[in-house]
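Okay, upload.txt is below, compact mmCIF, C-alpha atoms:
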```txt
# COMPACT_ATOMS: atom_id res chain seq x y z
CA MET Q 1 -3.71 -23.60 -62.29
CA ALA Q 2 -1.42 -26.58 -62.57
CA VAL Q 3 2.25 -26.03 -63.17
CA VAL Q 4 3.20 -26.76 -66.77
CA LEU Q 5 6.04 -29.17 -67.41
CA ALA Q 6 8.03 -27.73 -70.29
CA ASP Q 7 10.43 -29.34 -72.73
CA THR Q 8 12.65 -27.92 -75.43
CA ASN Q 9 9.77 -27.73 -77.90
CA SER Q 10 7.27 -25.94 -75.67
CA PHE Q 11 9.58 -23.79 -73.57
CA ASP Q 12 9.85 -20.61 -75.64
CA ALA Q 13 6.11 -20.34 -76.21
CA LEU Q 14 5.50 -20.71 -72.47
CA ILE Q 15 7.90 -17.97 -71.38
CA ASN Q 16 6.87 -15.52 -74.13
CA THR Q 17 4.20 -13.90 -72.01
CA ASP Q 18 4.05 -10.94 -69.60
CA PHE Q 19 5.22 -12.94 -66.61
CA ALA Q 20 6.69 -16.42 -66.35
CA VAL Q 21 8.58 -18.34 -63.68
CA VAL Q 22 10.59 -21.50 -64.33
CA ASP Q 23 11.70 -24.05 -61.74
CA PHE Q 24 14.67 -26.07 -62.98
CA TYR Q 25 14.62 -29.24 -60.89
CA ALA Q 26 15.51 -32.92 -60.70
CA TYR Q 27 14.01 -35.82 -58.77
CA HIS Q 28 17.28 -36.59 -57.01
CA CYS Q 29 17.48 -33.03 -55.61
CA GLY Q 30 16.15 -32.98 -52.04
CA VAL Q 31 15.45 -29.23 -51.93
CA CYS Q 32 13.55 -29.53 -55.24
CA VAL Q 33 11.27 -32.09 -53.62
CA VAL Q 34 10.70 -29.74 -50.66
CA LEU Q 35 9.97 -26.80 -52.97
CA ALA Q 36 7.54 -28.69 -55.24
CA PRO Q 37 4.31 -28.38 -53.17
CA HIS Q 38 4.95 -24.70 -52.47
CA TYR Q 39 5.60 -24.07 -56.15
CA ASN Q 40 2.37 -25.86 -57.03
CA ALA Q 41 0.45 -23.89 -54.36
CA ILE Q 42 1.66 -20.50 -55.57
CA SER Q 43 0.76 -21.41 -59.15
CA ASN Q 44 -2.79 -22.09 -57.94
CA ASP Q 45 -2.87 -18.77 -56.09
CA LEU Q 46 -1.47 -16.28 -58.60
CA PRO Q 47 -3.25 -16.16 -61.96
CA LEU Q 48 -1.71 -14.45 -65.00
CA ILE Q 49 1.77 -15.81 -64.34
CA ASN Q 50 2.95 -18.91 -66.20
CA PHE Q 51 4.49 -21.29 -63.69
CA ILE Q 52 6.70 -23.76 -65.52
CA LYS Q 53 8.97 -26.64 -64.51
CA VAL Q 54 11.89 -28.14 -66.37
CA ASN Q 55 13.29 -31.53 -65.39
CA THR Q 56 17.00 -31.07 -65.98
CA ASP Q 57 17.61 -34.81 -66.19
CA GLU Q 58 15.07 -35.23 -68.95
CA ASP Q 59 15.91 -31.97 -70.70
CA PRO Q 60 19.62 -31.28 -70.17
CA ALA Q 61 19.70 -29.07 -73.28
CA LEU Q 62 17.46 -26.48 -71.60
CA ALA Q 63 19.56 -26.61 -68.43
CA GLU Q 64 22.66 -26.07 -70.56
CA ARG Q 65 21.03 -23.21 -72.50
CA PHE Q 66 20.30 -21.38 -69.24
CA GLY Q 67 23.59 -22.27 -67.58
CA ILE Q 68 21.94 -24.08 -64.69
CA ARG Q 69 24.65 -25.06 -62.20
CA GLY Q 70 22.65 -25.80 -59.05
CA LEU Q 71 19.21 -27.15 -58.22
CA PRO Q 72 16.64 -25.94 -57.78
CA THR Q 73 17.18 -22.78 -59.81
CA VAL Q 74 14.17 -20.51 -60.22
CA VAL Q 75 14.31 -18.12 -63.17
CA CYS Q 76 11.87 -15.23 -63.75
CA PHE Q 77 10.93 -13.83 -67.15
CA ARG Q 78 9.11 -10.64 -68.20
CA ASP Q 79 8.10 -10.45 -71.84
CA GLY Q 80 10.22 -13.52 -72.54
CA LYS Q 81 13.40 -11.97 -71.15
CA GLU Q 82 15.13 -13.24 -68.06
CA ILE Q 83 15.13 -10.60 -65.33
CA TYR Q 84 16.08 -12.54 -62.23
CA ARG Q 85 17.20 -15.93 -61.01
CA THR Q 86 18.09 -17.58 -57.74
CA SER Q 87 19.68 -20.93 -57.07
CA TYR Q 88 20.15 -20.33 -53.37
CA GLY Q 89 17.76 -22.97 -52.21
CA PRO Q 90 14.20 -21.58 -52.40
CA ARG Q 91 12.20 -24.11 -50.41
CA SER Q 92 9.11 -22.43 -48.95
CA ARG Q 93 6.13 -20.26 -49.83
CA GLU Q 94 7.95 -17.33 -48.22
CA ASP Q 95 10.91 -17.87 -50.52
CA MET Q 96 8.58 -17.98 -53.53
CA ASP Q 97 6.82 -14.79 -52.35
CA GLY Q 98 10.25 -13.12 -52.23
CA ILE Q 99 10.88 -14.15 -55.82
CA MET Q 100 7.47 -12.74 -56.81
CA LEU Q 101 8.38 -9.38 -55.25
CA LYS Q 102 11.35 -9.22 -57.57
CA LEU Q 103 9.41 -10.35 -60.64
CA LEU Q 104 6.34 -8.17 -60.17
CA TYR Q 105 7.60 -5.06 -58.41
CA ASN Q 106 11.35 -5.09 -58.84
CA LYS Q 107 11.63 -5.20 -55.05
CA LYS Q 108 14.55 -6.92 -53.39
CA ASP Q 109 14.04 -10.63 -52.75
CA PRO Q 110 14.21 -10.90 -48.93
CA ASN Q 111 15.73 -14.40 -49.16
CA PRO Q 112 19.10 -13.85 -47.42
CA TYR Q 113 20.79 -16.17 -49.91
CA ALA Q 114 19.29 -14.57 -53.00
CA ARG Q 115 21.65 -12.74 -55.29
CA ASP Q 116 20.28 -9.70 -57.13
CA MET L 1 37.56 -55.69 -43.87
CA ASN L 2 39.04 -56.21 -40.44
CA SER L 3 36.39 -54.09 -38.77
CA LYS L 4 33.45 -56.23 -37.77
CA VAL L 5 30.33 -56.68 -35.69
CA ILE L 6 30.94 -58.53 -32.43
CA ARG L 7 27.41 -58.36 -31.05
CA LEU L 8 24.48 -56.89 -32.94
CA TRP L 9 21.95 -54.82 -31.00
CA ASP L 10 18.63 -56.68 -30.92
CA HIS L 11 15.96 -54.47 -32.45
CA THR L 12 13.12 -56.99 -32.19
CA SER L 13 11.51 -55.48 -29.11
CA GLU L 14 11.72 -51.95 -30.45
CA PRO L 15 8.23 -50.44 -30.86
CA ILE L 16 7.10 -48.43 -33.87
CA PRO L 17 7.89 -44.76 -33.08
CA GLU L 18 4.89 -42.64 -32.09
CA GLU L 19 5.13 -40.39 -35.14
CA TYR L 20 4.39 -43.32 -37.45
CA LYS L 21 1.29 -44.49 -35.63
CA GLY L 22 -2.01 -43.79 -37.37
CA TRP L 23 -0.30 -43.42 -40.73
CA GLY L 24 -3.27 -44.53 -42.84
CA VAL L 25 -5.06 -42.13 -45.16
CA THR L 26 -8.13 -40.46 -43.64
CA SER L 27 -11.34 -39.48 -45.38
CA GLN L 28 -10.45 -35.84 -44.72
CA GLU L 29 -7.13 -36.27 -46.53
CA ILE L 30 -8.94 -37.70 -49.54
CA ASP L 31 -11.24 -34.66 -49.52
CA GLN L 32 -8.19 -32.38 -49.44
CA GLN L 33 -6.66 -34.26 -52.36
CA LEU L 34 -9.85 -33.77 -54.38
CA GLN L 35 -9.81 -30.06 -53.56
CA LEU L 36 -6.20 -29.86 -54.71
CA LEU L 37 -7.19 -31.58 -57.93
CA ALA L 38 -10.00 -29.02 -58.39
CA ARG L 39 -7.55 -26.15 -57.88
CA ASN L 40 -5.08 -27.69 -60.33
CA HIS L 41 -7.87 -27.66 -62.94
CA ALA L 42 -9.19 -24.21 -62.04
CA ARG L 43 -10.47 -21.95 -64.83
CA LEU L 44 -9.75 -18.26 -65.14
CA VAL L 45 -12.81 -16.00 -65.04
CA GLU L 46 -12.95 -12.30 -65.84
CA LYS L 47 -14.44 -10.02 -63.18
CA GLU L 48 -15.86 -6.51 -63.04
CA VAL L 49 -14.88 -5.30 -59.58
CA VAL L 50 -11.70 -6.10 -57.67
CA GLU L 51 -12.18 -8.22 -54.54
CA GLU L 52 -9.87 -10.06 -52.19
CA LEU L 53 -8.04 -12.99 -53.85
CA ASP L 54 -8.50 -11.62 -57.37
CA ALA L 55 -5.64 -10.96 -59.77
CA VAL L 56 -5.34 -7.45 -61.19
CA ARG L 57 -3.23 -6.43 -64.14
CA CYS L 58 -2.28 -2.76 -63.93
CA GLY L 59 -0.50 -0.25 -66.09
CA VAL L 60 1.93 1.76 -63.98
CA GLU L 61 3.11 5.35 -64.30
CA ASN L 62 6.07 6.67 -62.30
CA GLY L 63 6.88 3.16 -61.08
CA ASP L 64 9.90 0.98 -61.72
CA LEU L 65 8.05 -1.16 -64.27
CA PRO L 66 5.38 -0.24 -66.84
CA ILE L 67 3.04 -3.14 -66.06
CA THR L 68 2.52 -5.19 -62.96
CA LEU L 69 0.16 -7.65 -61.34
CA VAL L 70 -1.50 -6.97 -58.01
CA TYR L 71 -2.92 -9.74 -55.83
CA PRO L 72 -5.26 -8.38 -53.13
CA GLY L 73 -5.15 -10.38 -49.93
CA ARG L 74 -1.82 -12.10 -50.52
CA LYS L 75 0.23 -9.47 -48.64
CA LEU L 76 2.93 -9.43 -51.27
CA TYR L 77 2.69 -5.62 -51.54
CA PRO L 78 -0.13 -4.51 -49.20
CA GLU L 79 -0.15 -0.84 -50.26
CA LEU L 80 -0.87 -1.76 -53.87
CA GLU L 81 -3.33 -4.48 -52.91
CA GLU L 82 -5.43 -2.11 -50.78
CA ALA L 83 -5.32 0.58 -53.46
CA VAL L 84 -7.01 -1.54 -56.13
CA LEU L 85 -9.76 -3.07 -53.99
CA GLY L 86 -13.18 -2.06 -55.34
CA ALA L 87 -11.75 -0.77 -58.65
CA ARG L 88 -13.18 -1.55 -62.11
CA VAL L 89 -11.37 -1.97 -65.42
CA GLY L 90 -10.21 1.50 -66.53
CA ASP L 91 -10.20 2.96 -63.02
CA VAL L 92 -7.12 4.92 -62.03
CA ARG L 93 -5.69 4.81 -58.52
CA GLU L 94 -2.84 6.80 -57.06
CA VAL L 95 -0.61 5.24 -54.41
CA SER L 96 2.11 6.88 -52.38
CA LEU L 97 5.08 4.57 -52.04
CA GLU L 98 8.25 5.64 -50.27
CA GLY L 99 7.62 9.32 -50.96
CA LYS L 100 6.75 8.77 -54.62
CA THR L 101 3.25 8.84 -56.07
CA ILE L 102 2.63 6.17 -58.68
CA THR L 103 -0.49 5.82 -60.80
CA LEU L 104 -2.14 2.46 -61.38
CA THR L 105 -4.59 1.94 -64.23
CA VAL L 106 -6.63 -1.24 -63.83
CA GLU L 107 -6.49 -3.14 -67.12
CA ARG L 108 -7.79 -6.58 -66.24
CA ILE L 109 -9.44 -8.26 -63.26
CA CYS L 110 -9.70 -12.03 -62.99
CA ALA L 111 -9.72 -14.93 -60.57
CA TYR L 112 -9.29 -18.67 -60.55
CA VAL L 113 -12.43 -20.68 -59.94
CA PRO L 114 -11.69 -24.27 -58.89
CA ALA L 115 -13.17 -26.98 -61.10
CA GLU L 116 -16.25 -28.83 -59.91
CA ILE L 117 -15.37 -32.03 -58.09
CA ASP L 118 -17.24 -34.43 -60.34
CA ASP L 119 -16.63 -37.31 -62.71
CA THR L 120 -15.64 -34.92 -65.52
CA LEU L 121 -12.75 -33.65 -63.39
CA ILE L 122 -11.64 -37.18 -62.63
CA LYS L 123 -11.67 -38.13 -66.32
CA CYS L 124 -9.29 -35.22 -67.02
CA GLU L 125 -6.66 -37.04 -64.98
CA LYS L 126 -6.69 -39.95 -67.45
CA ILE L 127 -6.01 -42.60 -64.80
CA PRO L 128 -6.65 -46.07 -66.25
CA ASN L 129 -9.97 -47.52 -65.00
CA VAL L 130 -10.64 -44.50 -62.78
CA LYS L 131 -13.57 -42.56 -64.20
CA THR L 132 -15.64 -41.42 -61.19
CA VAL L 133 -15.09 -39.51 -57.96
CA ASP L 134 -15.80 -42.63 -55.92
CA ALA L 135 -13.32 -44.66 -57.94
CA TYR L 136 -10.75 -41.90 -57.55
CA ARG L 137 -11.20 -41.89 -53.77
CA VAL L 138 -10.52 -45.62 -53.64
CA TRP L 139 -7.61 -45.39 -56.09
CA TRP L 140 -5.90 -42.48 -54.31
CA GLU L 141 -6.33 -44.06 -50.90
CA GLU L 142 -4.68 -47.28 -52.14
CA GLN L 143 -1.85 -45.41 -53.85
CA GLU L 144 -1.17 -43.13 -50.91
CA ASN L 145 -1.38 -45.91 -48.33
CA ALA L 146 1.04 -48.04 -50.34
CA GLU L 147 3.46 -45.12 -50.65
CA ARG L 148 3.25 -44.28 -46.94
CA PHE L 149 3.69 -47.93 -45.99
CA LYS L 150 6.79 -48.21 -48.15
CA MET L 151 8.37 -44.90 -47.13
CA ASN L 152 7.57 -45.22 -43.42
CA SER L 153 9.03 -48.74 -43.42
CA LEU L 154 12.25 -47.47 -44.96
CA ARG L 155 12.49 -44.53 -42.54
CA ILE L 156 11.90 -46.74 -39.50
CA ALA L 157 14.45 -49.22 -40.84
CA TYR L 158 17.00 -46.45 -41.31
CA ASN L 159 16.39 -45.35 -37.74
CA LEU L 160 16.95 -48.92 -36.55
CA LEU L 161 20.22 -49.10 -38.50
CA GLU L 162 21.37 -45.90 -36.82
CA GLN L 163 20.56 -47.39 -33.45
CA MET L 164 22.41 -50.57 -34.39
CA ALA L 165 25.49 -48.48 -35.19
CA GLU L 166 25.27 -46.81 -31.79
CA LYS L 167 24.25 -49.75 -29.61
CA SER L 168 25.98 -52.78 -31.13
CA GLU L 169 29.36 -54.02 -29.99
CA LEU L 170 31.77 -53.37 -32.86
CA TYR L 171 35.46 -53.87 -33.50
CA VAL L 172 36.80 -50.89 -35.45
CA ASP L 173 40.15 -51.22 -37.17
CA GLU L 174 41.80 -47.83 -36.63
CA GLU L 175 43.75 -47.94 -39.89
CA GLU L 176 40.66 -48.77 -41.94
CA LEU L 177 38.72 -46.01 -40.20
CA THR L 178 41.40 -43.39 -40.84
CA THR L 179 41.81 -44.44 -44.49
CA CYS L 180 38.05 -44.30 -45.07
CA LEU L 181 37.63 -40.87 -43.48
CA ARG L 182 40.65 -39.47 -45.28
CA GLU L 183 39.41 -40.69 -48.67
CA ARG L 184 36.01 -39.17 -48.04
CA ALA L 185 37.46 -35.86 -46.84
CA GLN L 186 39.77 -35.69 -49.84
CA GLN L 187 36.88 -36.31 -52.25
CA ILE L 188 34.82 -33.54 -50.66
CA TYR L 189 37.79 -31.16 -50.54
CA ASP L 190 38.61 -31.78 -54.21
CA SER L 191 35.01 -31.31 -55.34
CA MET L 192 34.63 -28.06 -53.37
CA VAL L 193 37.87 -26.60 -54.71
CA SER L 194 37.14 -27.67 -58.28
CA SER L 195 33.68 -26.09 -58.05
CA GLY L 196 35.44 -22.75 -57.60
CA LEU L 197 35.03 -22.15 -53.87
CA PRO L 198 37.86 -19.95 -52.52
CA ALA L 199 40.45 -22.05 -50.65
CA GLU L 200 39.91 -20.08 -47.43
CA MET L 201 36.25 -21.13 -47.38
CA VAL L 202 37.06 -24.84 -47.60
CA ASP L 203 37.97 -26.82 -44.47
CA SER L 204 41.30 -28.62 -44.69
CA VAL L 205 41.30 -32.39 -45.20
CA GLU L 206 42.64 -32.83 -41.66
CA ASP L 207 39.83 -30.73 -40.16
CA MET L 208 37.25 -32.72 -42.10
CA VAL L 209 38.79 -36.02 -40.97
CA ALA L 210 38.55 -34.86 -37.34
CA ASP L 211 34.92 -33.85 -37.87
CA PHE L 212 34.01 -37.11 -39.60
CA ARG L 213 35.71 -39.15 -36.87
CA GLU L 214 33.13 -37.86 -34.39
CA ARG L 215 30.43 -39.15 -36.72
CA ALA L 216 32.00 -42.49 -37.60
CA SER L 217 28.70 -44.23 -36.88
CA SER L 218 27.33 -42.51 -39.99
CA PHE L 219 30.43 -42.44 -42.17
CA PHE L 220 32.28 -45.67 -41.47
CA TYR L 221 30.27 -48.24 -39.52
CA PRO L 222 27.72 -48.80 -42.31
CA LYS L 223 30.49 -50.24 -44.49
CA PHE L 224 30.60 -53.42 -42.44
CA LEU L 225 27.45 -53.15 -40.34
CA HIS L 226 24.89 -53.07 -43.16
CA PRO L 227 26.23 -56.13 -45.04
CA TYR L 228 26.23 -57.93 -41.67
CA VAL L 229 22.58 -56.99 -41.06
CA ILE L 230 21.66 -58.28 -44.52
CA GLU L 231 23.36 -61.61 -43.81
CA GLN L 232 21.76 -61.93 -40.38
CA TYR L 233 18.20 -61.25 -41.37
CA ARG L 234 17.73 -62.04 -45.04
CA THR L 235 15.19 -64.74 -45.84
CA GLU L 236 16.02 -65.19 -49.51
CA PRO L 237 19.18 -65.56 -51.61
CA LEU L 238 21.56 -62.59 -51.45
CA GLN L 239 21.20 -61.92 -55.17
CA ALA L 240 17.44 -61.57 -54.82
CA VAL L 241 17.89 -59.16 -51.91
CA MET L 242 20.33 -57.01 -53.88
CA ASP L 243 18.09 -57.05 -56.97
CA LYS L 244 15.21 -55.76 -54.86
CA ALA L 245 17.45 -53.08 -53.33
CA ILE L 246 18.61 -51.89 -56.75
CA LYS L 247 15.02 -51.71 -57.95
CA ALA L 248 13.90 -49.83 -54.82
CA PHE L 249 16.86 -47.44 -54.92
CA ALA L 250 16.25 -46.70 -58.61
CA GLU L 251 12.55 -46.12 -58.00
CA LEU L 252 13.13 -43.82 -55.02
CA ASN L 253 15.63 -41.70 -56.93
CA HIS L 254 13.97 -41.90 -60.35
CA TYR L 255 16.98 -43.64 -61.85
CA ASP L 256 17.16 -46.39 -64.43
CA PRO L 257 18.00 -49.68 -62.61
CA ALA L 258 20.56 -50.45 -65.32
CA ASP L 259 22.38 -47.19 -64.49
CA VAL L 260 22.35 -48.09 -60.79
CA ARG L 261 23.92 -51.50 -61.54
CA ARG L 262 26.60 -49.87 -63.65
CA ASP L 263 27.39 -47.16 -61.08
CA MET L 264 27.61 -49.55 -58.15
CA ASP L 265 30.35 -51.39 -60.03
CA LEU L 266 32.15 -48.13 -60.74
CA TYR L 267 31.82 -46.28 -57.42
CA PRO L 268 32.24 -47.88 -53.97
CA SER L 269 30.02 -45.23 -52.37
CA TYR L 270 27.19 -46.31 -54.65
CA ARG L 271 27.64 -49.89 -53.56
CA GLU L 272 27.34 -48.75 -49.94
CA MET L 273 24.07 -46.93 -50.66
CA ILE L 274 22.64 -50.09 -52.19
CA ASP L 275 23.81 -52.10 -49.18
CA THR L 276 22.03 -49.62 -46.93
CA THR L 277 18.84 -49.90 -48.98
CA ALA L 278 19.10 -53.70 -48.89
CA ALA L 279 19.55 -53.65 -45.10
CA GLN L 280 16.51 -51.36 -44.80
CA LEU L 281 14.42 -53.68 -46.95
CA VAL L 282 15.48 -56.76 -45.01
CA LEU L 283 14.55 -55.13 -41.69
CA ALA L 284 11.29 -53.86 -43.19
CA GLU L 285 10.27 -57.27 -44.52
CA THR L 286 11.29 -59.28 -41.50
CA TYR L 287 10.08 -56.98 -38.74
CA ILE L 288 8.67 -53.54 -39.57
CA HIS L 289 5.92 -54.39 -42.06
CA GLU L 290 4.02 -56.53 -39.60
CA LYS L 291 4.35 -53.98 -36.79
CA LEU L 292 3.41 -51.09 -39.04
CA LYS L 293 0.20 -52.80 -40.19
CA GLU L 294 -0.84 -53.06 -36.55
CA VAL L 295 -0.68 -49.29 -36.04
CA LYS L 296 -2.31 -48.13 -39.25
```
Can the structure from this file be put into C-alpha cells for me?
Amino acid sequence: MAVVLADTNSFDALINTDFAVVDFYAYHCGVCVVLAPHYNAISNDLPLINFIKVNTDEDPALAERFGIRGLPTVVCFRDGKEIYRTSYGPRSREDMDGIMLKLLYNKKDPNPYARD
Amino acid sequence: MNSKVIRLWDHTSEPIPEEYKGWGVTSQEIDQQLQLLARNHARLVEKEVVEELDAVRCGVENGDLPITLVYPGRKLYPELEEAVLGARVGDVREVSLEGKTITLTVERICAYVPAEIDDTLIKCEKIPNVKTVDAYRVWWEEQENAERFKMNSLRIAYNLLEQMAEKSELYVDEEELTTCLRERAQQIYDSMVSSGLPAEMVDSVEDMVADFRERASSFFYPKFLHPYVIEQYRTEPLQAVMDKAIKAFAELNHYDPADVRRDMDLYPSYREMIDTTAAQLVLAETYIHEKLKEVK
C-alpha cells in the first residue's frame, strides 16, 4: 500500500493505530532519497502497519513537536505511543527490517548505528 | 582572485562513459513501473488460512508484547513465521523462543492484492490527459527519459569538471589556497562543536586544513575553474546562463528559486554551487547532450 504523506492535520489519526512508522525526511537530504524506495517497498510488503512520511521542510511544526534533529529519522509507534526511533542513517531494506524487529517483537535493531 | 587557469584540459574528444550508454527507458522498465503502481494501489483482503506472504495479527501470551504481527516468508522472525503457517483465525500455536514458550493466538489473516493494471488504475493517478494504460506508458517513458537525460548530462558534466581540475594547467596562489582551506575547516569545526560533539572527537582546524589540501581539486580549484569554464563555453549572455543554473539548482534541490537567489548573495559557498551548476549546464548544452542522444 502506498506510503501516506502526513501533515499536521492528519498525523495523529494516522499514528493512532496498532502499528505505525513515520519517516521524517526532506528533499535536500541525500540519505532520505536513498531510503525512499526501500521505505515504499516495505510499505507494499507489510500490511497492517501504517507507513507514513513527513516532509520536515513543508511541516516544520511536526518536526519540532518530535524533536527531529537529523534526517532521515524513523519513528515507530504502537497504539499511538512512540516506542522507538533511529536517526542513524537507515538507508536500505535491511535497515528497515531491523526497525521492524524492534517495532513488532521488541528485538534489538541490528543496525550498528541504532540507539535503543 | 590571483589563482587562474593557464591551459584548460580539452574535453571535446572525451567519449560518453560506458555506464551511461543505453540509458533510454525499456519496455520492461515500463512494465515494472506499472507493477509498482499496482502494488501502490493494492487492496487488503481477508484470508482463512495462513500462507507465505500473508500478514497475521496475533495475540501473544508470555511474550514481551501483548500483540504482534507475523509475516510468513519475510524472514523477519522465522520461528514465528513458520509457527503460524497453515493456521486459521482462532488457532493457537506454541513457539519455543530462547528457552521460553510463548503462545500465539491468530486473530486476523490478510494479504495485499495488487490492483489490476487497467485504465481504472491509471485514472486513480489523476495525471492530466493520461487516462489509459497506453497513454500512461507513453507519458512515463517521456518523463523518465527526460529525467535521465537531464541527470545523466549533469553527472557526466560533473565528471568532466573533475577531470578539468586534475588535467588542466593551473596557477594556484598559495595564500589564497591556505585562506580558503582554513575558512572551510573553521566553519566545519565550529559547526561540529556547536552541535555538541565532544572536542576529542573533532579534528583540529590544522588537521582538517592538511586533509583538505590533499583534495584541493575539489575544495579550491572550482572557485576559479568553474567561472572560467562558463566564460569559455557559454553561448548566451552570462545572466541567462546564471538564471538557468539557479532554476536548475532550485529544481534539483526542491528549493524556491527566489530563496536560492537570496542565499547566493548571502553565502559565498552558495554562489560556488550555482557556478558549478552553471558550468555543468554549459558543458551539457555545448557537448554532452548531442553525444548522449547518440548512445540512447
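Coordinates place CA of Lys100 (chain L) at a distance of 24.5 Å from CA of Tyr84 (chain Q).
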>> Please find the residues of chain Q near chain L - the criterion being any atom within 7 Å, counting only C-alpha atoms - and write them as a PyMOL selection string.
In response: chain Q and resi 1-2+27-28+44+46-47+97+101+104-106
Using only C-alpha atoms, what residues lie at most 10 Å away from (28.4, -48.6, -58.0) (file coordinates), given as a PDB file with C-alpha atoms, keeping the file's coordinate frame?
```
ATOM      1  CA  ASP L 259      22.380 -47.190 -64.490  1.00  0.00           C
ATOM      2  CA  VAL L 260      22.350 -48.090 -60.790  1.00  0.00           C
ATOM      3  CA  ARG L 261      23.920 -51.500 -61.540  1.00  0.00           C
ATOM      4  CA  ARG L 262      26.600 -49.870 -63.650  1.00  0.00           C
ATOM      5  CA  ASP L 263      27.390 -47.160 -61.080  1.00  0.00           C
ATOM      6  CA  MET L 264      27.610 -49.550 -58.150  1.00  0.00           C
ATOM      7  CA  ASP L 265      30.350 -51.390 -60.030  1.00  0.00           C
ATOM      8  CA  LEU L 266      32.150 -48.130 -60.740  1.00  0.00           C
ATOM      9  CA  TYR L 267      31.820 -46.280 -57.420  1.00  0.00           C
ATOM     10  CA  PRO L 268      32.240 -47.880 -53.970  1.00  0.00           C
ATOM     11  CA  SER L 269      30.020 -45.230 -52.370  1.00  0.00           C
ATOM     12  CA  TYR L 270      27.190 -46.310 -54.650  1.00  0.00           C
ATOM     13  CA  ARG L 271      27.640 -49.890 -53.560  1.00  0.00           C
ATOM     14  CA  GLU L 272      27.340 -48.750 -49.940  1.00  0.00           C
ATOM     15  CA  MET L 273      24.070 -46.930 -50.660  1.00  0.00           C
ATOM     16  CA  ILE L 274      22.640 -50.090 -52.190  1.00  0.00           C
TER      17      ILE L 274
END
```
>> Which residues are close to region 173-180 of chain L, i.e. within 12 Å by all atoms listed in the file, leaving aside same-chain residues fewer than 6 positions away? Reply as a VMD selection string.
In response: chain L and resid 1 to 5 186 to 187 205 to 206 208 to 224 268 to 269
Could you give me, as a short mmCIF file (atom, residue, chain, number, x, y, z; two decimals) with C-alpha atoms, in the frame of the given file, the residues within 12 Å of Ala278 (chain L), counting all atoms listed in the file and dropping anything in the same chain fewer than 6 positions from it?
```cif
data_model
loop_
_atom_site.label_atom_id
_atom_site.label_comp_id
_atom_site.auth_asym_id
_atom_site.auth_seq_id
_atom_site.Cartn_x
_atom_site.Cartn_y
_atom_site.Cartn_z
CA LEU L 154 12.25 -47.47 -44.96
CA ALA L 157 14.45 -49.22 -40.84
CA TYR L 158 17.00 -46.45 -41.31
CA LEU L 161 20.22 -49.10 -38.50
CA PRO L 222 27.72 -48.80 -42.31
CA LEU L 225 27.45 -53.15 -40.34
CA HIS L 226 24.89 -53.07 -43.16
CA PRO L 227 26.23 -56.13 -45.04
CA TYR L 228 26.23 -57.93 -41.67
CA VAL L 229 22.58 -56.99 -41.06
CA ILE L 230 21.66 -58.28 -44.52
CA GLU L 231 23.36 -61.61 -43.81
CA TYR L 233 18.20 -61.25 -41.37
CA ARG L 234 17.73 -62.04 -45.04
CA GLU L 236 16.02 -65.19 -49.51
CA LEU L 238 21.56 -62.59 -51.45
CA GLN L 239 21.20 -61.92 -55.17
CA ALA L 240 17.44 -61.57 -54.82
CA VAL L 241 17.89 -59.16 -51.91
CA MET L 242 20.33 -57.01 -53.88
CA ASP L 243 18.09 -57.05 -56.97
CA LYS L 244 15.21 -55.76 -54.86
CA ALA L 245 17.45 -53.08 -53.33
CA ILE L 246 18.61 -51.89 -56.75
CA LYS L 247 15.02 -51.71 -57.95
CA ALA L 248 13.90 -49.83 -54.82
CA PHE L 249 16.86 -47.44 -54.92
CA ARG L 271 27.64 -49.89 -53.56
CA GLU L 272 27.34 -48.75 -49.94
CA ALA L 284 11.29 -53.86 -43.19
CA GLU L 285 10.27 -57.27 -44.52
#
```
>> One decimal, in Å: what's the spacing between CA of Glu58 (chain Q) and CA of Glu94 (chain Q)?
In response: 28.3 Å
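The gap separating CA of Leu170 (chain L) from CA of Leu283 (chain L) is 19.4 Å, in Å to one decimal.
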Need the axis-aligned box for region 129-133 of chain L with 6 Å each side, so what are the centre and edges in Å to one decimal, as JSON?
```
{"center_x": -12.8, "center_y": -43.5, "center_z": -61.5, "size_x": 17.7, "size_y": 20.0, "size_z": 19.0}
```
> If we count only C-alpha atoms, what is near Ile16 (chain L) at a cut-off of 7 Å, once residues fewer than 3 positions away on the same chain are taken out, given as number ranges by chain?
Replying inline: L: 20, 291-292
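Counting all atoms listed in the file and comparing Q:Pro60, Q:Pro110, Q:Gly80, Q:Gly67, the residue that lies closest to Asp95 (chain Q) is Q:Pro110.
Residue nearest Asp45 (chain Q) within the list L:Ile288, L:Trp139, L:Lys123, L:Glu52: L:Glu52 [criterion: smallest interatomic distance, only C-alpha atoms].
With all atoms listed in the file as the atoms that count, the minimum distance from Ile68 (chain Q) to the choices Q:Val33, Q:Ala41, Q:Val22, Q:Ile49 is reached by Q:Val22.
If all atoms listed in the file are the atoms counted, then among Q:Ala61, Q:Ala26, Q:Leu48, Q:Ile42 the closest residue to Asp7 (chain Q) is Q:Ala61.
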> List as a count of residues only: which residues have an atom within 10 Å of (1.3, 2.0, -50.1), counting all atoms listed in the file?
Replying inline: 16
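Distances from L:Ile156, L:Ala258, L:Val133, L:Leu85 to Gln33 (chain L) were compared using only C-alpha atoms, and the smallest one belongs to L:Val133.
Across Q:Cys29, Q:Val74, Q:Ala63, Q:Val54, the tightest approach to Thr86 (chain Q) is made by Q:Val74 when counting all atoms listed in the file.
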